[in-house]
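Novice: Here you go, one structure.
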Amino acid sequence: LFGVACGQSGKPVKELNPEELAKLLEKPENIFFLDVREPSEIATLGTLKGYVNIPVSQLEGRLKEIPRDKVIVTL
């Protein structure tokens with residue numbers, strides 16, 4: 001399952017099943033892919049093309065880098 005949250009809409013985080021994610025991917029321009037893993041995790045496990053890495057330890061200080069008008073899909 002994948003997590004998704006929308007800007008500051010006040011909506012809770014929603015877990016998506018693969019079918020729901022596939023539907024979202026029909027319009028990828030409306031999605032921001034965010035990888036919140038730490039550099040050591042990425043070095044070990046690799047990353048996915050298209051994801052922007054902002055480690056969870058840096059997230060609070062880098063929130064301005066995350067668009068508020070897109071669906072955020074996190075890894």
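Identifiers in this document derive from the order of the structure tokens: chains are assigned A, B, ..., residues are numbered from 1 separately in each chain, and ligands are numbered from 1 in order of occurrence.
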Would you return as a PyMOL selection string the members of chain A that DSSP assigns to helix (DSSP H, G or I) on this structure's backbone?

Specialist: chain A and resi 18-24+28-30+39-45+60-65

Novice: Go through A:Leu75, A:Leu21, A:Leu16, A:Ile31 one by one, measure the shortest atom-to-atom distance of each to Leu48 in chain A using only C-alpha atoms, and give the residue with the smallest value.

Specialist: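 Of all the options, A:Leu75 lies closest to Leu48 in chain A.
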
Novice: So which residues touch Glu65 in chain A within 10 Å, counting only C-alpha atoms, skipping near sequence neighbours fewer than 5 positions away, as a list of chain:residue names?

Specialist: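 Residues meeting the cut-off are A:Val52, A:Ile54, A:Leu59.
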
Novice: Using only C-alpha atoms, which of the listed residues (A:Lys49, A:Lys70, A:Lys14, A:Lys64) sits closest to Phe32 in chain A?

Specialist: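 Of the candidates, the smallest distance to Phe32 in chain A is held by A:Lys70.
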
Novice: Which distance in Å separates CA of Val36 in chain A and CA of Leu24 in chain A, to one decimal?

Specialist: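 Between CA of Val36 in chain A and CA of Leu24 in chain A the gap works out to 19.9 Å.
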
Novice: List the spatial neighbours of Pro39 in chain A as a list of chain:residue names - criterion: any atom at most 8 Å away, only C-alpha atoms, same-chain residues fewer than 3 positions off excluded.

Specialist: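 In the requested format, the answer is A:Ile42, A:Ala43, A:Pro55.
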
Novice: Which is closer to Glu38 in chain A than all the others in A:Gln58, A:Val13, A:Ile72, A:Ala22, using only C-alpha atoms?

Specialist: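 Looking at the shortest contact to Glu38 in chain A, the residue is A:Gln58.
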